[in-house]
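structure02.txt, holding compact mmCIF, C-alpha atoms:
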# COMPACT_ATOMS: atom_id res chain seq x y z
CA MET F 199 6.29 -22.03 -11.19
CA LEU F 200 4.23 -22.13 -8.02
CA LEU F 201 0.95 -23.95 -8.40
CA LYS F 202 -2.25 -22.01 -7.75
CA ARG F 203 -4.59 -23.28 -5.06
CA LEU F 204 -8.35 -23.73 -4.80
CA ILE F 205 -9.63 -23.16 -1.28
CA VAL F 206 -13.17 -23.66 0.03
CA CYS F 207 -14.40 -21.50 2.90
CA LEU F 208 -16.93 -22.77 5.41
CA ASP F 209 -18.44 -20.07 7.63
CA VAL F 210 -19.67 -21.81 10.78
CA ARG F 211 -22.32 -20.60 13.20
CA ASN F 212 -23.76 -22.77 15.98
CA GLY F 213 -22.04 -25.81 14.52
CA ARG F 214 -23.51 -25.39 11.03
CA VAL F 215 -22.19 -23.92 7.80
CA THR F 216 -23.90 -20.67 6.89
CA LYS F 217 -23.66 -18.36 3.87
CA GLY F 218 -24.80 -14.80 3.25
CA VAL F 219 -24.25 -11.76 1.05
CA ARG F 220 -21.92 -9.05 2.35
CA PHE F 221 -22.11 -10.77 5.75
CA LYS F 222 -25.93 -10.50 5.87
CA GLY F 223 -28.94 -12.77 5.28
CA ASN F 224 -27.15 -15.97 6.24
CA VAL F 225 -28.82 -19.34 5.64
CA ASP F 226 -27.93 -22.83 6.88
CA VAL F 227 -26.23 -25.01 4.25
CA GLY F 228 -24.98 -28.07 6.18
CA ASP F 229 -22.62 -29.81 8.59
CA PRO F 230 -19.09 -28.38 8.33
CA VAL F 231 -17.12 -31.60 8.67
CA GLU F 232 -19.33 -33.62 6.33
CA MET F 233 -19.16 -30.85 3.73
CA ALA F 234 -15.39 -30.56 4.19
CA LYS F 235 -14.95 -34.31 3.64
CA ALA F 236 -16.90 -34.11 0.40
CA TYR F 237 -14.81 -31.20 -0.86
CA CYS F 238 -11.63 -33.01 0.10
CA GLU F 239 -12.70 -36.07 -1.87
CA ASN F 240 -13.56 -33.84 -4.84
CA GLY F 241 -10.08 -32.37 -5.07
CA VAL F 242 -10.02 -29.10 -3.14
CA ASP F 243 -6.49 -28.09 -2.09
CA GLU F 244 -7.22 -26.48 1.28
CA LEU F 245 -10.13 -25.51 3.53
CA VAL F 246 -10.89 -22.62 5.84
CA PHE F 247 -13.29 -22.81 8.76
CA TYR F 248 -14.45 -19.46 10.17
CA ASP F 249 -16.40 -19.54 13.42
CA ILE F 250 -18.21 -16.32 12.56
CA THR F 251 -19.88 -15.67 15.93
CA ALA F 252 -17.12 -16.76 18.32
CA SER F 253 -15.56 -13.32 18.70
CA ALA F 254 -18.91 -11.54 19.13
CA GLU F 255 -19.90 -14.12 21.76
CA ASN F 256 -16.49 -13.81 23.46
CA ARG F 257 -15.72 -17.50 23.25
CA PRO F 258 -12.94 -19.57 21.66
CA CYS F 259 -13.43 -21.27 18.31
CA ASP F 260 -15.17 -24.63 18.35
CA LEU F 261 -12.22 -26.91 19.15
CA ALA F 262 -14.39 -30.02 19.07
CA MET F 263 -15.25 -29.24 15.45
CA VAL F 264 -11.56 -28.61 14.68
CA ALA F 265 -10.66 -32.00 16.14
CA ARG F 266 -13.41 -33.70 14.11
CA ALA F 267 -12.14 -32.03 10.96
CA ALA F 268 -8.56 -33.07 11.67
CA GLN F 269 -9.61 -36.69 11.99
CA ALA F 270 -11.68 -36.61 8.80
CA LEU F 271 -9.44 -34.62 6.44
CA SER F 272 -6.19 -35.33 4.62
CA ILE F 273 -5.55 -31.77 3.41
CA PRO F 274 -4.43 -28.60 5.22
CA PHE F 275 -7.04 -26.40 6.84
CA THR F 276 -7.13 -23.03 8.55
CA VAL F 277 -9.38 -21.94 11.42
CA GLY F 278 -10.42 -18.44 12.40
CA GLY F 279 -12.82 -16.73 14.75
CA GLY F 280 -12.58 -16.65 18.53
CA ILE F 281 -8.79 -16.39 18.56
CA ARG F 282 -7.99 -14.08 21.46
CA GLY F 283 -4.26 -14.66 21.87
CA VAL F 284 -1.36 -17.06 21.56
CA ASP F 285 -3.00 -19.59 23.88
CA ASP F 286 -6.05 -19.82 21.60
CA MET F 287 -3.76 -20.18 18.59
CA ARG F 288 -1.94 -23.02 20.33
CA ALA F 289 -5.21 -24.74 21.25
CA ALA F 290 -6.45 -24.59 17.64
CA LEU F 291 -3.18 -25.96 16.28
CA LEU F 292 -3.05 -28.73 18.87
CA ALA F 293 -6.64 -29.65 17.98
CA GLY F 294 -5.44 -30.29 14.45
CA ALA F 295 -5.55 -27.04 12.47
CA ASP F 296 -2.60 -26.33 10.18
CA LYS F 297 -2.96 -22.54 10.27
CA VAL F 298 -4.77 -19.89 12.27
CA SER F 299 -6.42 -16.84 10.74
CA LEU F 300 -6.26 -13.56 12.63
CA ASN F 301 -8.49 -10.67 11.58
CA SER F 302 -9.93 -8.14 14.02
CA LEU F 303 -7.46 -9.17 16.72
CA ALA F 304 -4.52 -8.47 14.43
CA VAL F 305 -5.81 -4.99 13.58
CA LEU F 306 -6.46 -4.09 17.20
CA HIS F 307 -3.38 -5.83 18.62
CA PRO F 308 -0.87 -6.27 15.74
CA GLU F 309 1.77 -7.66 18.08
CA ILE F 310 -0.16 -10.96 18.00
CA LEU F 311 1.23 -11.55 14.49
CA THR F 312 4.78 -11.37 15.78
CA GLU F 313 4.00 -13.44 18.85
CA GLY F 314 2.27 -16.11 16.77
CA ALA F 315 5.05 -16.28 14.20
CA LYS F 316 7.66 -16.57 16.94
CA ALA F 317 5.75 -19.31 18.75
CA PHE F 318 4.60 -21.44 15.81
CA GLY F 319 6.35 -20.21 12.66
CA ARG F 320 4.95 -17.66 10.24
CA GLN F 321 3.62 -20.44 8.00
CA CYS F 322 0.92 -20.97 10.64
CA VAL F 323 -0.13 -17.30 10.80
CA VAL F 324 -2.69 -16.07 8.27
CA LEU F 325 -3.84 -12.46 8.19
CA GLY F 326 -7.54 -12.40 7.45
CA MET F 327 -8.30 -8.93 6.12
CA ASP F 328 -11.67 -7.44 5.24
CA ALA F 329 -11.46 -4.32 3.07
CA LYS F 330 -14.04 -1.93 1.67
CA ARG F 331 -13.83 0.53 -1.22
CA VAL F 332 -13.84 4.18 -0.09
CA GLU F 333 -12.84 7.57 -1.47
CA VAL F 334 -9.11 8.02 -1.98
CA SER F 335 -7.67 10.24 0.74
CA GLU F 336 -4.40 11.10 2.39
CA THR F 337 -5.16 8.52 5.08
CA ILE F 338 -6.34 5.87 2.64
CA PRO F 339 -4.35 6.42 -0.59
CA SER F 340 -5.27 3.04 -2.10
CA GLY F 341 -9.00 3.71 -1.85
CA TYR F 342 -9.55 0.59 0.24
CA GLU F 343 -10.14 0.76 3.99
CA VAL F 344 -9.66 -1.97 6.57
CA VAL F 345 -12.89 -2.93 8.35
CA VAL F 346 -13.40 -5.30 11.27
CA ARG F 347 -16.20 -7.01 13.17
CA GLY F 348 -17.81 -8.52 10.09
CA GLY F 349 -17.46 -5.36 8.03
CA ARG F 350 -19.36 -3.24 10.55
CA GLN F 351 -16.48 -1.15 11.92
CA PRO F 352 -14.23 0.93 9.64
CA MET F 353 -10.75 1.40 11.06
CA GLY F 354 -9.44 4.41 9.13
CA ARG F 355 -6.48 2.34 7.92
CA ASP F 356 -5.33 1.79 4.37
CA ALA F 357 -5.70 -1.87 3.37
CA VAL F 358 -2.56 -2.06 1.25
CA LYS F 359 -0.43 -0.39 3.93
CA TRP F 360 -1.87 -2.74 6.55
CA ALA F 361 -1.08 -5.79 4.42
CA LYS F 362 2.54 -4.68 4.14
CA GLU F 363 2.82 -3.99 7.88
CA ALA F 364 1.19 -7.30 8.79
CA VAL F 365 3.72 -9.25 6.72
CA GLU F 366 6.57 -7.31 8.30
CA ARG F 367 5.16 -8.24 11.70
CA GLY F 368 4.97 -11.97 10.91
CA ALA F 369 1.97 -12.90 8.78
CA GLY F 370 2.92 -15.72 6.42
CA GLU F 371 -0.15 -15.48 4.21
CA ILE F 372 -3.00 -13.05 3.57
CA CYS F 373 -6.62 -13.99 2.99
CA LEU F 374 -8.01 -10.85 1.38
CA ASN F 375 -11.78 -10.50 1.51
CA ALA F 376 -13.46 -7.66 -0.37
CA ILE F 377 -16.64 -6.62 1.42
CA ASP F 378 -18.08 -5.00 -1.70
CA THR F 379 -18.04 -8.24 -3.68
CA ASP F 380 -18.55 -10.78 -0.88
CA GLY F 381 -21.30 -13.25 -1.77
CA VAL F 382 -22.40 -11.20 -4.79
CA ARG F 383 -21.07 -13.80 -7.27
CA GLU F 384 -20.08 -11.21 -9.89
CA GLY F 385 -16.33 -11.58 -9.60
CA TYR F 386 -13.50 -10.80 -7.21
CA GLU F 387 -12.16 -7.32 -6.51
CA LEU F 388 -9.34 -7.52 -9.04
CA ASN F 389 -7.81 -4.11 -8.44
CA LEU F 390 -7.50 -4.55 -4.68
CA THR F 391 -6.16 -8.08 -5.08
CA GLN F 392 -3.52 -6.97 -7.54
CA LEU F 393 -2.46 -4.05 -5.33
CA VAL F 394 -1.93 -6.29 -2.33
CA SER F 395 -0.32 -9.11 -4.33
CA GLU F 396 2.22 -6.72 -5.80
CA THR F 397 2.97 -5.19 -2.39
CA VAL F 398 3.70 -8.25 -0.24
CA ASP F 399 6.04 -11.19 -0.68
CA VAL F 400 3.78 -13.84 0.88
CA PRO F 401 0.90 -15.75 -0.74
CA VAL F 402 -2.35 -13.83 -1.20
CA ILE F 403 -5.69 -15.65 -1.18
CA ALA F 404 -8.45 -13.80 -3.03
CA SER F 405 -11.84 -13.96 -1.33
CA GLY F 406 -15.26 -12.52 -2.00
CA GLY F 407 -17.23 -12.63 -5.25
CA ALA F 408 -16.67 -15.95 -7.02
CA GLY F 409 -19.62 -16.96 -9.18
CA THR F 410 -18.07 -18.72 -12.20
CA PRO F 411 -14.75 -20.42 -13.01
CA GLN F 412 -13.88 -17.40 -15.16
CA HIS F 413 -13.86 -15.26 -12.02
CA LEU F 414 -11.14 -17.50 -10.57
CA ILE F 415 -9.19 -17.35 -13.83
CA ASP F 416 -9.36 -13.55 -13.71
CA VAL F 417 -8.19 -13.19 -10.11
CA LEU F 418 -5.37 -15.72 -10.50
CA THR F 419 -4.07 -13.92 -13.61
CA THR F 420 -5.09 -10.25 -13.64
CA GLY F 421 -5.39 -10.11 -9.85
CA LYS F 422 -2.10 -11.99 -9.41
CA ALA F 423 -3.48 -13.98 -6.46
CA ASP F 424 -1.76 -17.17 -5.37
CA ALA F 425 -5.02 -18.86 -4.41
CA ALA F 426 -8.75 -18.34 -4.86
CA LEU F 427 -11.29 -18.95 -2.13
CA VAL F 428 -14.84 -20.02 -2.99
CA ALA F 429 -17.96 -20.71 -0.96
CA SER F 430 -21.33 -20.18 -2.66
CA MET F 431 -20.09 -21.71 -5.92
CA VAL F 432 -19.69 -25.12 -4.34
CA HIS F 433 -22.14 -24.81 -1.46
CA THR F 434 -25.25 -23.87 -3.41
CA MET F 435 -24.53 -23.13 -7.08
CA GLY F 436 -23.78 -26.63 -8.35
CA TYR F 437 -20.11 -26.23 -9.19
CA THR F 438 -17.61 -28.86 -8.06
CA CYS F 439 -14.00 -28.48 -6.98
CA ALA F 440 -12.93 -30.92 -9.69
CA GLY F 441 -14.84 -28.99 -12.33
CA ILE F 442 -13.39 -25.65 -11.26
CA LYS F 443 -9.85 -27.01 -11.33
CA ALA F 444 -10.45 -28.52 -14.77
CA ALA F 445 -11.51 -25.09 -16.02
CA LEU F 446 -8.35 -23.55 -14.55
CA ARG F 447 -6.20 -26.15 -16.29
CA GLU F 448 -7.96 -25.46 -19.58
CA ALA F 449 -7.00 -21.80 -19.11
CA ASN F 450 -3.36 -22.85 -18.68
CA ILE F 451 -3.32 -21.98 -14.99
CA PRO F 452 -1.08 -24.42 -13.07
CA VAL F 453 -3.07 -26.02 -10.24
CA ARG F 454 -2.42 -28.88 -7.87

Please express what this file holds, its structure, as structure tokens.
Amino acid sequence: MLLKRLIVCLDVRNGRVTKGVRFKGNVDVGDPVEMAKAYCENGVDELVFYDITASAENRPCDLAMVARAAQALSIPFTVGGGIRGVDDMRAALLAGADKVSLNSLAVLHPEILTEGAKAFGRQCVVLGMDAKRVEVSETIPSGYEVVVRGGRQPMGRDAVKWAKEAVERGAGEICLNAIDTDGVREGYELNLTQLVSETVDVPVIASGGAGTPQHLIDVLTTGKADAALVASMVHTMGYTCAGIKAALREANIPVR
């Protein structure tokens, strides 16, 4: 049986970790590398750094921060934001990242998934997908639409269909973020997570909505996710990675 993973996400803006609700109202919560070190020491399995303003500011991700993280950490980590092509992917990986997350770029230029998988192996290519609940339609039969640019731009594409296509193109993992539950702390979007998990044959990371250990238990069982991503729970709510993993073990969920 594959072990489930606990992943902490650090959204980075201007060199600092920031957290908001549904991508709004962000507040400063600390230094990304120092926070990452603490989570690593407390038992987290993986980390994700998202440079949330790099794309909007038309600049690459903060490679100096990536290099600092690589020197400080002993666990895998993914970087996203400001990836504009294969050269940026290469730069992030050479700086020390284990994987690169592609979101808006992959939607607008899906060939980047194939190019990245060919250049570095699909295990390095993560599809970051933001999805929002909408009315079921012929265009969006699942009832979940792909959105980009921090949830501000709907793309008229079905999220489940896009997940399947992205894997066929080369994505080796999907980080699935539900806009409707992001930062709300009332639980993950279980239906969407289950739909995507049952559609693709690569690991699915559930993101958006964690507020208690029970929420992780639900998404790793009912939602059939391979990993659960948390942020607010450990940044500001007093939970620890070790405590969350202990709760998962008590629920008979196999974790690292």

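Computed from the coordinates, the CA of Gly354 in chain F to CA of Thr337 in chain F distance equals 7.2 Å.
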
Residues near Asn240 in chain F, anyone? I mean within 12 Å using all atoms listed in the file, not counting same-chain ones fewer than 4 positions away, as a list in words. Leu204, Ile205, Val206, Met233, Ala234, Lys235, Ala236, Glu244, Ile273, Val432, Tyr437, Thr438, Cys439, Ala440, Gly441, Ile442, Lys443 and Ala444 of chain F

Just how far from CA of Asp328 in chain F is CA of Leu200 in chain F, in Å to one decimal?
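The value is 25.4 Å.
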
Restricting to all atoms listed in the file, whichever of F:Gly370, F:Arg383, F:Thr420, F:Glu239 is closest to Thr434 in chain F is F:Arg383

Computed gap from CA of Leu374 in chain F to CA of Ala265 in chain F is 25.9 Å

Min atom-atom distance to Gly228 in chain F from the set F:Ala423, F:Ile338, F:Val210, F:Leu300, counting only C-alpha atoms, belongs to F:Val210

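Remark: for Gln392 in chain F, the closest of the candidate residues F:Ser299, F:Thr419, F:Ser253, F:Thr276 is F:Thr419 (distances computed over all atoms listed in the file).
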
For Phe275 in chain F, the closest of F:Ala289, F:Asp416, F:Val358, F:Val298 counting all atoms listed in the file is F:Val298

(message) Please determine, counting only C-alpha atoms, which residue among F:Glu363, F:Glu384, F:Glu255, F:Glu448 has the shortest atom-to-atom distance to Ile415 in chain F.
(response)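 Of F:Glu363, F:Glu384, F:Glu255, F:Glu448, the one nearest Ile415 in chain F is F:Glu448, counting only C-alpha atoms.
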
Contact residues around Leu291 in chain F with all atoms listed in the file at 12 Å, ignoring same-chain residues under 5 positions, as a VMD selection string: chain F and resid 259 261 264 to 265 268 274 to 278 281 284 to 286 296 to 299 314 317 to 319 322 to 323

Written file, previous selection with C-alpha atoms, as a PDB file, keeping the file's coordinate frame:
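Dumped to again_7.pdb:
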ATOM      1  CA  CYS F 259     -13.430 -21.270  18.310  1.00  0.00           C
ATOM      2  CA  LEU F 261     -12.220 -26.910  19.150  1.00  0.00           C
ATOM      3  CA  VAL F 264     -11.560 -28.610  14.680  1.00  0.00           C
ATOM      4  CA  ALA F 265     -10.660 -32.000  16.140  1.00  0.00           C
ATOM      5  CA  ALA F 268      -8.560 -33.070  11.670  1.00  0.00           C
ATOM      6  CA  PRO F 274      -4.430 -28.600   5.220  1.00  0.00           C
ATOM      7  CA  PHE F 275      -7.040 -26.400   6.840  1.00  0.00           C
ATOM      8  CA  THR F 276      -7.130 -23.030   8.550  1.00  0.00           C
ATOM      9  CA  VAL F 277      -9.380 -21.940  11.420  1.00  0.00           C
ATOM     10  CA  GLY F 278     -10.420 -18.440  12.400  1.00  0.00           C
ATOM     11  CA  ILE F 281      -8.790 -16.390  18.560  1.00  0.00           C
ATOM     12  CA  VAL F 284      -1.360 -17.060  21.560  1.00  0.00           C
ATOM     13  CA  ASP F 285      -3.000 -19.590  23.880  1.00  0.00           C
ATOM     14  CA  ASP F 286      -6.050 -19.820  21.600  1.00  0.00           C
ATOM     15  CA  ASP F 296      -2.600 -26.330  10.180  1.00  0.00           C
ATOM     16  CA  LYS F 297      -2.960 -22.540  10.270  1.00  0.00           C
ATOM     17  CA  VAL F 298      -4.770 -19.890  12.270  1.00  0.00           C
ATOM     18  CA  SER F 299      -6.420 -16.840  10.740  1.00  0.00           C
ATOM     19  CA  GLY F 314       2.270 -16.110  16.770  1.00  0.00           C
ATOM     20  CA  ALA F 317       5.750 -19.310  18.750  1.00  0.00           C
ATOM     21  CA  PHE F 318       4.600 -21.440  15.810  1.00  0.00           C
ATOM     22  CA  GLY F 319       6.350 -20.210  12.660  1.00  0.00           C
ATOM     23  CA  CYS F 322       0.920 -20.970  10.640  1.00  0.00           C
ATOM     24  CA  VAL F 323      -0.130 -17.300  10.800  1.00  0.00           C
TER      25      VAL F 323
END

Practice item. Would you mind listing what lies within 10 Å of Ser340 in chain F as a list in words, with only C-alpha atoms counted and same-chain residues fewer than 3 positions away left out? Key: Arg331, Val332, Glu333, Val334, Ser335, Glu336, Thr337, Glu343, Asp356, Ala357, Val358, Lys359, Asn389, Leu390, Leu393 and Val394 of chain F

Print the selection's residues with C-alpha atoms to a file, as a compact mmCIF listing (two decimals), keeping the file's coordinate frame.
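Here's the written file out-v1.txt:
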# COMPACT_ATOMS: atom_id res chain seq x y z
CA ARG F 331 -13.83 0.53 -1.22
CA VAL F 332 -13.84 4.18 -0.09
CA GLU F 333 -12.84 7.57 -1.47
CA VAL F 334 -9.11 8.02 -1.98
CA SER F 335 -7.67 10.24 0.74
CA GLU F 336 -4.40 11.10 2.39
CA THR F 337 -5.16 8.52 5.08
CA GLU F 343 -10.14 0.76 3.99
CA ASP F 356 -5.33 1.79 4.37
CA ALA F 357 -5.70 -1.87 3.37
CA VAL F 358 -2.56 -2.06 1.25
CA LYS F 359 -0.43 -0.39 3.93
CA ASN F 389 -7.81 -4.11 -8.44
CA LEU F 390 -7.50 -4.55 -4.68
CA LEU F 393 -2.46 -4.05 -5.33
CA VAL F 394 -1.93 -6.29 -2.33

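In this comparison, which uses all atoms listed in the file, the residue of F:Arg288, F:Gly294, F:Val246, F:Glu232 approaching Pro258 in chain F most closely is F:Arg288.
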
Practice prompt. Kindly provide, as a PyMOL selection string, the polymer residues lying within 8 Å of (0.2, -15.7, 6.9), counting only C-alpha atoms and using the coordinates exactly as they appear in the file.
Written response: chain F and resi 299+320-325+365+368-372+400-401

Some atoms are absent from range 301-325 of chain F, so rebuild N, CA and C atoms and return them as a PDB file, in the coordinates of the input.
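And here is the file that came out, selection.pdb:
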ATOM      1  N   ASN F 301      -7.893 -11.795  12.297  1.00  0.00           N
ATOM      2  CA  ASN F 301      -8.490 -10.670  11.580  1.00  0.00           C
ATOM      3  C   ASN F 301      -8.605  -9.451  12.481  1.00  0.00           C
ATOM      4  N   SER F 302      -9.731  -9.303  13.160  1.00  0.00           N
ATOM      5  CA  SER F 302      -9.930  -8.140  14.020  1.00  0.00           C
ATOM      6  C   SER F 302      -8.854  -8.037  15.094  1.00  0.00           C
ATOM      7  N   LEU F 303      -8.482  -9.171  15.673  1.00  0.00           N
ATOM      8  CA  LEU F 303      -7.460  -9.170  16.720  1.00  0.00           C
ATOM      9  C   LEU F 303      -6.152  -8.597  16.211  1.00  0.00           C
ATOM     10  N   ALA F 304      -5.778  -8.951  14.982  1.00  0.00           N
ATOM     11  CA  ALA F 304      -4.520  -8.470  14.430  1.00  0.00           C
ATOM     12  C   ALA F 304      -4.543  -6.966  14.207  1.00  0.00           C
ATOM     13  N   VAL F 305      -5.697  -6.445  13.795  1.00  0.00           N
ATOM     14  CA  VAL F 305      -5.810  -4.990  13.580  1.00  0.00           C
ATOM     15  C   VAL F 305      -5.718  -4.250  14.903  1.00  0.00           C
ATOM     16  N   LEU F 306      -6.414  -4.765  15.903  1.00  0.00           N
ATOM     17  CA  LEU F 306      -6.460  -4.090  17.200  1.00  0.00           C
ATOM     18  C   LEU F 306      -5.204  -4.323  18.034  1.00  0.00           C
ATOM     19  N   HIS F 307      -4.580  -5.487  17.857  1.00  0.00           N
ATOM     20  CA  HIS F 307      -3.380  -5.830  18.620  1.00  0.00           C
ATOM     21  C   HIS F 307      -2.365  -6.480  17.664  1.00  0.00           C
ATOM     22  N   PRO F 308      -1.740  -5.698  16.793  1.00  0.00           N
ATOM     23  CA  PRO F 308      -0.870  -6.270  15.740  1.00  0.00           C
ATOM     24  C   PRO F 308       0.308  -7.068  16.262  1.00  0.00           C
ATOM     25  N   GLU F 309       0.658  -6.890  17.524  1.00  0.00           N
ATOM     26  CA  GLU F 309       1.770  -7.660  18.080  1.00  0.00           C
ATOM     27  C   GLU F 309       1.478  -9.163  18.099  1.00  0.00           C
ATOM     28  N   ILE F 310       0.184  -9.542  17.998  1.00  0.00           N
ATOM     29  CA  ILE F 310      -0.160 -10.960  18.000  1.00  0.00           C
ATOM     30  C   ILE F 310       0.442 -11.667  16.782  1.00  0.00           C
ATOM     31  N   LEU F 311       0.627 -10.940  15.684  1.00  0.00           N
ATOM     32  CA  LEU F 311       1.230 -11.550  14.490  1.00  0.00           C
ATOM     33  C   LEU F 311       2.666 -11.953  14.768  1.00  0.00           C
ATOM     34  N   THR F 312       3.387 -11.074  15.434  1.00  0.00           N
ATOM     35  CA  THR F 312       4.780 -11.370  15.780  1.00  0.00           C
ATOM     36  C   THR F 312       4.863 -12.487  16.802  1.00  0.00           C
ATOM     37  N   GLU F 313       4.006 -12.417  17.807  1.00  0.00           N
ATOM     38  CA  GLU F 313       4.000 -13.440  18.850  1.00  0.00           C
ATOM     39  C   GLU F 313       3.656 -14.811  18.268  1.00  0.00           C
ATOM     40  N   GLY F 314       2.662 -14.842  17.376  1.00  0.00           N
ATOM     41  CA  GLY F 314       2.270 -16.110  16.770  1.00  0.00           C
ATOM     42  C   GLY F 314       3.351 -16.685  15.880  1.00  0.00           C
ATOM     43  N   ALA F 315       3.977 -15.815  15.086  1.00  0.00           N
ATOM     44  CA  ALA F 315       5.050 -16.280  14.200  1.00  0.00           C
ATOM     45  C   ALA F 315       6.236 -16.803  14.994  1.00  0.00           C
ATOM     46  N   LYS F 316       6.545 -16.135  16.104  1.00  0.00           N
ATOM     47  CA  LYS F 316       7.660 -16.570  16.940  1.00  0.00           C
ATOM     48  C   LYS F 316       7.363 -17.906  17.610  1.00  0.00           C
ATOM     49  N   ALA F 317       6.119 -18.092  18.026  1.00  0.00           N
ATOM     50  CA  ALA F 317       5.750 -19.310  18.750  1.00  0.00           C
ATOM     51  C   ALA F 317       5.569 -20.522  17.832  1.00  0.00           C
ATOM     52  N   PHE F 318       4.995 -20.296  16.638  1.00  0.00           N
ATOM     53  CA  PHE F 318       4.600 -21.440  15.810  1.00  0.00           C
ATOM     54  C   PHE F 318       5.180 -21.428  14.401  1.00  0.00           C
ATOM     55  N   GLY F 319       5.867 -20.348  14.026  1.00  0.00           N
ATOM     56  CA  GLY F 319       6.350 -20.210  12.660  1.00  0.00           C
ATOM     57  C   GLY F 319       5.353 -19.408  11.837  1.00  0.00           C
ATOM     58  N   ARG F 320       5.845 -18.537  10.982  1.00  0.00           N
ATOM     59  CA  ARG F 320       4.950 -17.660  10.240  1.00  0.00           C
ATOM     60  C   ARG F 320       4.058 -18.423   9.275  1.00  0.00           C
ATOM     61  N   GLN F 321       4.447 -19.654   8.911  1.00  0.00           N
ATOM     62  CA  GLN F 321       3.620 -20.440   8.000  1.00  0.00           C
ATOM     63  C   GLN F 321       2.277 -20.800   8.632  1.00  0.00           C
ATOM     64  N   CYS F 322       2.175 -20.684   9.949  1.00  0.00           N
ATOM     65  CA  CYS F 322       0.920 -20.970  10.640  1.00  0.00           C
ATOM     66  C   CYS F 322       0.042 -19.739  10.836  1.00  0.00           C
ATOM     67  N   VAL F 323       0.560 -18.558  10.492  1.00  0.00           N
ATOM     68  CA  VAL F 323      -0.130 -17.300  10.800  1.00  0.00           C
ATOM     69  C   VAL F 323      -0.693 -16.685   9.523  1.00  0.00           C
ATOM     70  N   VAL F 324      -2.017 -16.650   9.421  1.00  0.00           N
ATOM     71  CA  VAL F 324      -2.690 -16.070   8.270  1.00  0.00           C
ATOM     72  C   VAL F 324      -3.362 -14.768   8.699  1.00  0.00           C
ATOM     73  N   LEU F 325      -3.097 -13.702   7.960  1.00  0.00           N
ATOM     74  CA  LEU F 325      -3.840 -12.460   8.190  1.00  0.00           C
ATOM     75  C   LEU F 325      -5.133 -12.529   7.408  1.00  0.00           C
TER      76      LEU F 325
END
